[in-house]
Every structure is written in structure tokens, then in C-alpha cells.
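A.B. asks: Provided below: coords06.cif, containing mmCIF, C-alpha atoms (C1' of nucleotides).
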```
data_protein
#
loop_
_atom_site.label_atom_id
_atom_site.label_comp_id
_atom_site.auth_asym_id
_atom_site.auth_seq_id
_atom_site.Cartn_x
_atom_site.Cartn_y
_atom_site.Cartn_z
CA MET A 68 221.61 -64.26 216.25
CA SER A 69 222.36 -67.89 215.68
CA LYS A 70 224.02 -70.16 218.14
CA ARG A 71 225.90 -73.25 217.30
CA LYS A 72 224.43 -76.40 218.72
CA HIS A 73 226.76 -78.31 220.96
CA TYR A 74 226.86 -82.01 221.61
CA TRP A 75 227.61 -84.08 224.68
CA LEU A 76 227.77 -87.61 225.97
CA MET A 77 226.38 -88.33 229.42
CA LYS A 78 226.89 -91.58 231.29
CA SER A 79 224.43 -93.26 233.57
CA GLU A 80 224.32 -96.64 235.19
CA PRO A 81 221.12 -98.18 233.80
CA GLU A 82 220.35 -99.88 237.11
CA ASP A 83 220.25 -96.39 238.52
CA PHE A 84 218.67 -94.50 235.66
CA SER A 85 218.33 -95.82 232.11
CA ILE A 86 217.11 -94.45 228.79
CA ASP A 87 213.85 -96.33 229.46
CA ASP A 88 213.49 -94.42 232.72
CA LEU A 89 214.03 -91.17 230.84
CA ALA A 90 211.45 -92.22 228.25
CA ARG A 91 208.96 -92.63 231.08
CA VAL A 92 209.64 -89.44 233.00
CA ARG A 93 210.42 -87.42 229.81
CA THR A 94 212.73 -85.02 231.62
CA GLU A 95 215.15 -85.51 234.47
CA PRO A 96 217.47 -83.27 236.49
CA TRP A 97 220.95 -84.73 236.10
CA THR A 98 221.80 -84.87 239.79
CA GLY A 99 224.89 -86.20 241.45
CA VAL A 100 227.76 -85.11 239.24
CA ARG A 101 230.62 -84.41 241.66
CA ASN A 102 233.53 -83.92 239.34
CA TYR A 103 234.69 -80.41 238.54
CA GLN A 104 235.44 -80.98 234.89
CA ALA A 105 232.06 -82.62 234.31
CA ARG A 106 230.41 -79.78 236.22
CA ASN A 107 232.15 -77.22 234.04
CA PHE A 108 230.86 -78.94 230.94
CA MET A 109 227.32 -78.90 232.33
CA ARG A 110 227.59 -75.23 233.19
CA SER A 111 228.43 -74.47 229.58
CA MET A 112 225.43 -76.37 228.21
CA GLU A 113 222.59 -74.55 226.51
CA VAL A 114 218.99 -75.47 225.85
CA GLY A 115 218.79 -77.53 222.67
CA ASP A 116 222.23 -79.11 222.93
CA GLY A 117 222.29 -82.77 221.88
CA VAL A 118 223.05 -85.56 224.34
CA LEU A 119 224.13 -89.14 223.71
CA PHE A 120 222.77 -91.26 226.55
CA TYR A 121 225.43 -93.79 227.54
CA HIS A 122 224.93 -96.83 229.76
CA SER A 123 227.96 -97.62 231.89
CA SER A 124 228.76 -100.40 234.35
CA THR A 125 226.47 -102.79 232.58
CA GLU A 126 226.78 -105.96 230.56
CA ILE A 127 227.03 -104.19 227.21
CA PRO A 128 228.18 -100.62 227.76
CA GLY A 129 227.33 -98.16 224.99
CA ILE A 130 225.07 -95.45 223.67
CA TYR A 131 221.43 -96.41 224.07
CA GLY A 132 219.56 -93.22 223.30
CA VAL A 133 219.45 -89.60 222.30
CA ALA A 134 218.42 -86.83 224.68
CA GLU A 135 218.65 -83.08 224.75
CA VAL A 136 219.43 -80.32 227.19
CA VAL A 137 216.14 -78.72 228.25
CA SER A 138 217.30 -76.22 230.87
CA ALA A 139 220.16 -73.90 231.53
CA ALA A 140 222.52 -74.99 234.30
CA TYR A 141 221.35 -74.41 237.86
CA PRO A 142 222.55 -75.53 241.29
CA ASP A 143 222.09 -79.25 241.99
CA PRO A 144 219.57 -79.25 244.87
CA THR A 145 220.87 -82.55 246.26
CA GLN A 146 224.05 -80.85 247.43
CA PHE A 147 222.04 -78.99 250.10
CA ASN A 148 220.08 -82.00 251.33
CA PRO A 149 221.74 -83.73 254.30
CA LYS A 150 219.64 -86.82 253.62
CA SER A 151 220.95 -87.15 250.07
CA LYS A 152 223.98 -89.25 249.24
CA TYR A 153 225.08 -86.30 247.13
CA PHE A 154 225.04 -83.91 250.08
CA ASP A 155 228.06 -81.61 250.19
CA GLU A 156 228.53 -79.90 253.52
CA LYS A 157 230.97 -77.44 252.02
CA SER A 158 228.40 -76.08 249.59
CA THR A 159 225.95 -73.27 250.37
CA PRO A 160 222.98 -71.88 248.43
CA GLU A 161 224.86 -68.56 248.30
CA GLN A 162 227.90 -70.26 246.81
CA PRO A 163 226.83 -73.54 245.30
CA ARG A 164 229.53 -75.89 244.13
CA TRP A 165 227.61 -78.26 241.91
CA PHE A 166 225.44 -77.54 238.90
CA LEU A 167 223.21 -79.62 236.69
CA VAL A 168 220.91 -79.36 233.71
CA ASP A 169 217.57 -80.98 232.99
CA VAL A 170 217.81 -83.64 230.31
CA GLY A 171 214.85 -84.41 228.04
CA TYR A 172 214.06 -87.61 226.20
CA VAL A 173 214.41 -87.62 222.43
CA ARG A 174 214.55 -91.25 221.31
CA THR A 175 215.83 -94.71 222.07
CA LEU A 176 218.26 -96.18 219.56
CA LYS A 177 216.96 -99.15 217.58
CA HIS A 178 220.33 -100.79 218.16
CA PRO A 179 222.69 -99.53 220.83
CA VAL A 180 226.08 -98.28 219.69
CA THR A 181 228.26 -100.46 221.86
CA LEU A 182 231.56 -99.45 223.38
CA GLU A 183 233.08 -102.23 221.31
CA ALA A 184 231.75 -100.66 218.10
CA ILE A 185 232.92 -97.24 219.25
CA ARG A 186 236.41 -98.56 219.88
CA ALA A 187 236.42 -100.09 216.41
CA HIS A 188 236.08 -96.55 215.05
CA ALA A 189 238.64 -94.99 217.37
CA GLU A 190 240.74 -93.73 214.51
CA GLU A 191 237.93 -91.76 212.87
CA LEU A 192 236.73 -90.44 216.22
CA GLY A 193 240.17 -89.04 216.93
CA GLU A 194 242.60 -88.83 219.78
CA ASP A 195 240.58 -86.18 221.57
CA PHE A 196 237.50 -88.32 222.10
CA ALA A 197 237.43 -88.59 225.88
CA LEU A 198 235.15 -91.62 226.04
CA ILE A 199 237.82 -93.98 224.81
CA ARG A 200 240.92 -92.00 225.70
CA ARG A 201 242.97 -94.05 228.10
CA GLY A 202 242.49 -93.17 231.72
CA THR A 203 239.57 -90.78 231.40
CA ARG A 204 236.60 -91.39 233.62
CA LEU A 205 234.46 -88.37 232.82
CA SER A 206 230.72 -88.90 233.18
CA VAL A 207 229.92 -85.84 231.07
CA LEU A 208 232.02 -85.10 228.03
CA PRO A 209 231.88 -83.06 224.83
CA VAL A 210 231.27 -84.59 221.43
CA SER A 211 232.01 -82.75 218.20
CA ALA A 212 229.43 -82.48 215.41
CA VAL A 213 231.51 -84.88 213.33
CA GLN A 214 231.76 -87.40 216.17
CA TRP A 215 228.03 -87.10 216.84
CA LYS A 216 227.21 -87.90 213.25
CA LEU A 217 229.65 -90.78 213.09
CA LEU A 218 228.47 -92.33 216.36
CA LEU A 219 224.82 -92.20 215.35
CA SER A 220 225.64 -93.67 211.95
CA LEU A 221 226.67 -96.83 213.82
CA GLU A 222 223.16 -97.37 215.18
"C1'" DG B 49 253.16 -77.49 248.17
"C1'" DC B 50 254.17 -82.47 248.50
"C1'" DC B 51 252.46 -86.93 248.57
"C1'" DA B 52 250.41 -91.06 250.80
"C1'" DA B 53 246.04 -92.82 251.70
"C1'" DC B 54 241.64 -93.31 250.44
"C1'" DG B 55 237.45 -93.26 247.53
"C1'" DT B 56 235.38 -93.60 242.94
"C1'" DT B 57 234.77 -94.97 238.18
"C1'" DG B 58 233.87 -98.36 235.02
"C1'" DG B 59 235.51 -102.14 231.96
"C1'" DC B 60 236.28 -106.84 232.19
"C1'" DG C 76 234.74 -109.14 242.35
"C1'" DC C 77 239.09 -107.39 240.56
"C1'" DC C 78 241.89 -103.77 239.51
"C1'" DA C 79 243.89 -99.77 236.84
"C1'" DA C 80 243.60 -95.04 236.64
"C1'" DC C 81 242.09 -90.86 238.58
"C1'" DG C 82 240.56 -87.28 241.82
"C1'" DT C 83 240.34 -85.62 246.50
"C1'" DT C 84 241.77 -85.13 251.18
"C1'" DG C 85 244.63 -84.04 254.87
"C1'" DG C 86 249.00 -84.39 257.53
"C1'" DC C 87 253.30 -82.45 257.47
#
```
Take the structure in the file and write it out as C-alpha cells.

C.D. replies:
Amino acid sequence: MSKRKHYWLMKSEPEDFSIDDLARVRTEPWTGVRNYQARNFMRSMEVGDGVLFYHSSTEIPGIYGVAEVVSAAYPDPTQFNPKSKYFDEKSTPEQPRWFLVDVGYVRTLKHPVTLEAIRAHAEELGEDFALIRRGTRLSVLPVSAVQWKLLLSLE
DNA sequence: GCCAACGTTGGC
DNA sequence: GCCAACGTTGGC
């Protein structure tokens, strides 16, 4: 009974939550994803999956760390909290709309793999790499084993 | 079911 | 702060 490990890239605005924050808290529920495609990816995650921690909307966007999935998907509690900015009045505990996983710290990259460097390897990464595909804005996206290896070789 | 208006993402 | 590209909403 072996399962193939899957890989993902997850974006966060470092002013909001950075790899240093994750290093401090060790594990963090990935709240606030309100995009159906990203949600579907999170629902398919399994404990042990690898995560590239990407800083977006910052001076030098890029991959700054490695994390891992440390829980199965479960309903995002913020959707039920009227005080939360992620509150969704159309969601109920009986039929939750939004799911998340807990993400655990693995390591901080010695040198970030910048978006610029990633773009420079666009050809090897392939057309299907959603991070640099034109027009895609996904905050959670799949990474193949080959892409994972290539991206981390740029550290 | 169409589509205009609006909100969000995220690089620059 | 700008703006392109998307996704969602709601009137019809």
C-alpha cells in the first residue's frame, strides 16, 4: 500500500503570513482560500504532500521555503465566523463550501527561487505550469515531481 | 443562460 | 498606484 507523494505550490503575501511566520508557529491552517479550483486542489491533498511556499505581492516574488501538508482537508472555520473577513453567509457547517489543510514548516531556502529565475526556466517547466501560465491567478496549484526537483535545484 | 458590473489577484 | 486578466454576482 504505497501512495505517491504529490507536490503543490501555495502563495501567501509575506506581509500577511511569511515563511518566517510559519517557522515560528510550525504549523498553520491555510485559511481564506475562496476560489473553487484552489479549494479542489486542497481537498485532494494528503498528509505528507510537499509544498513550495511562495511569496506574492512583494518586492521579489518567488519561492522562499518548503512546507508540507500535515492534515487532511477539513472545513475552513473562518467561513462560519461573521467577524472574519473570510465569512461566507452562504456556507453552513452541514454543507461547508470551503476547505483547508494544515501546513507544516520544513525549511527556509538559503536563496529564494525568484519568479524571474522561474520564468527563465519556463521551457523546462512546461506549458502546464500554472504559476507562469498567462492569466492564471491560482493561489494553490499542483507541481509535478519533475517541476519540484527543477525548482528546488535553482535554490 | 447571457453579459455587464464589480471585486480580486498579483506583477510591475 | 496602475492595470490586465479572471472569477463571481445579479438583473434581465

A.B. asks: As a VMD selection string, please: the residues near DT56 in chain B (cut-off 10 Å, all atoms listed in the file, same-chain neighbours under 4 positions excluded).

C.D. replies: (chain A and resid 204) or (chain C and resid 81 to 82)

A.B. asks: I need the contact residues of chain A against chain C, so if you could list those with any atom within 9 Å, counting only C-alpha atoms (C1' of nucleotides), and return them as a list in words, that would help.

C.D. replies: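 Putting it all together, I get Asn102, Arg201, Gly202, Thr203 and Arg204 of chain A.
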
A.B. asks: Those residues you just picked out, can you put them in a file as an mmCIF file, in the frame of the given file with C-alpha atoms?

C.D. replies:
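Listed below is the output, selection04.cif:
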```
data_model
loop_
_atom_site.group_PDB
_atom_site.id
_atom_site.type_symbol
_atom_site.label_atom_id
_atom_site.label_comp_id
_atom_site.auth_asym_id
_atom_site.auth_seq_id
_atom_site.Cartn_x
_atom_site.Cartn_y
_atom_site.Cartn_z
ATOM 1 C CA ASN A 102 233.530 -83.920 239.340
ATOM 2 C CA ARG A 201 242.970 -94.050 228.100
ATOM 3 C CA GLY A 202 242.490 -93.170 231.720
ATOM 4 C CA THR A 203 239.570 -90.780 231.400
ATOM 5 C CA ARG A 204 236.600 -91.390 233.620
#
```

A.B. asks: List the residues selected by the PyMOL selection byres ((chain A and resi 143) around 9) in the file shown, writing them as a PDB file with C-alpha atoms, in the coordinates of the input.

C.D. replies:
```pdb
ATOM      1  CA  PRO A  96     217.470 -83.270 236.490  1.00  0.00           C
ATOM      2  CA  TRP A  97     220.950 -84.730 236.100  1.00  0.00           C
ATOM      3  CA  THR A  98     221.800 -84.870 239.790  1.00  0.00           C
ATOM      4  CA  GLY A  99     224.890 -86.200 241.450  1.00  0.00           C
ATOM      5  CA  VAL A 100     227.760 -85.110 239.240  1.00  0.00           C
ATOM      6  CA  ALA A 140     222.520 -74.990 234.300  1.00  0.00           C
ATOM      7  CA  TYR A 141     221.350 -74.410 237.860  1.00  0.00           C
ATOM      8  CA  PRO A 142     222.550 -75.530 241.290  1.00  0.00           C
ATOM      9  CA  PRO A 144     219.570 -79.250 244.870  1.00  0.00           C
ATOM     10  CA  THR A 145     220.870 -82.550 246.260  1.00  0.00           C
ATOM     11  CA  GLN A 146     224.050 -80.850 247.430  1.00  0.00           C
ATOM     12  CA  PHE A 147     222.040 -78.990 250.100  1.00  0.00           C
ATOM     13  CA  PRO A 163     226.830 -73.540 245.300  1.00  0.00           C
ATOM     14  CA  ARG A 164     229.530 -75.890 244.130  1.00  0.00           C
ATOM     15  CA  TRP A 165     227.610 -78.260 241.910  1.00  0.00           C
ATOM     16  CA  PHE A 166     225.440 -77.540 238.900  1.00  0.00           C
ATOM     17  CA  LEU A 167     223.210 -79.620 236.690  1.00  0.00           C
ATOM     18  CA  VAL A 168     220.910 -79.360 233.710  1.00  0.00           C
TER      19      VAL A 168
END
```

A.B. asks: State, in Å with one decimal place, the distance from CA of Thr159 in chain A to CA of Asn107 in chain A.

C.D. replies: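 CA of Asn107 in chain A lies at a distance of 17.9 Å from CA of Thr159 in chain A.
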
A.B. asks: Using the chain letters and residue numbers of this document, give as a list in words the residues selected by the PyMOL selection byres ((chain A and resi 208) around 7).

C.D. replies: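 Against this file, the PyMOL selection byres ((chain A and resi 208) around 7) returns the residues Trp75, Leu76, Met77, Ala105, Phe108, Ala197, Leu205, Ser206, Val207, Pro209 and Val210 of chain A.
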
A.B. asks: Just the number, please: distance in Å from CA of Ile130 in chain A to CA of Thr181 in chain A, one decimal.

C.D. replies: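 Spanning CA of Ile130 in chain A to CA of Thr181 in chain A is a straight-line distance of 6.2 Å.
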
A.B. asks: Just checking: using all atoms listed in the file, which residue out of A:Gly129, A:Glu161, A:Val170, A:Lys152 ends up closest to Met109 in chain A?

C.D. replies: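 Closest residue, counting all atoms listed in the file: A:Val170.
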
A.B. asks: Identify which of the residues A:Ser138, A:Ser124, A:Ser111, A:Asn148 lies closest to Ser85 in chain A, counting only C-alpha atoms when measuring atom-to-atom distances.

C.D. replies: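 Of A:Ser138, A:Ser124, A:Ser111, A:Asn148, the one nearest Ser85 in chain A is A:Ser124, counting only C-alpha atoms.
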
A.B. asks: Give me, please, the distance in Å between CA of Ile199 in chain A and CA of Trp215 in chain A, quoted to one decimal.

C.D. replies: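 That distance, rounded to one decimal, is 14.4 Å.
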
A.B. asks: Let me have the centre and edge lengths of the axis-aligned box enclosing all listed atoms of range 110-119 of chain A with 8 Å padding on every side, in Å to one decimal, as AutoDock Vina command-line options.

C.D. replies:
```
--center_x 223.6 --center_y -81.8 --center_z 227.5 --size_x 25.6 --size_y 30.7 --size_z 27.3
```
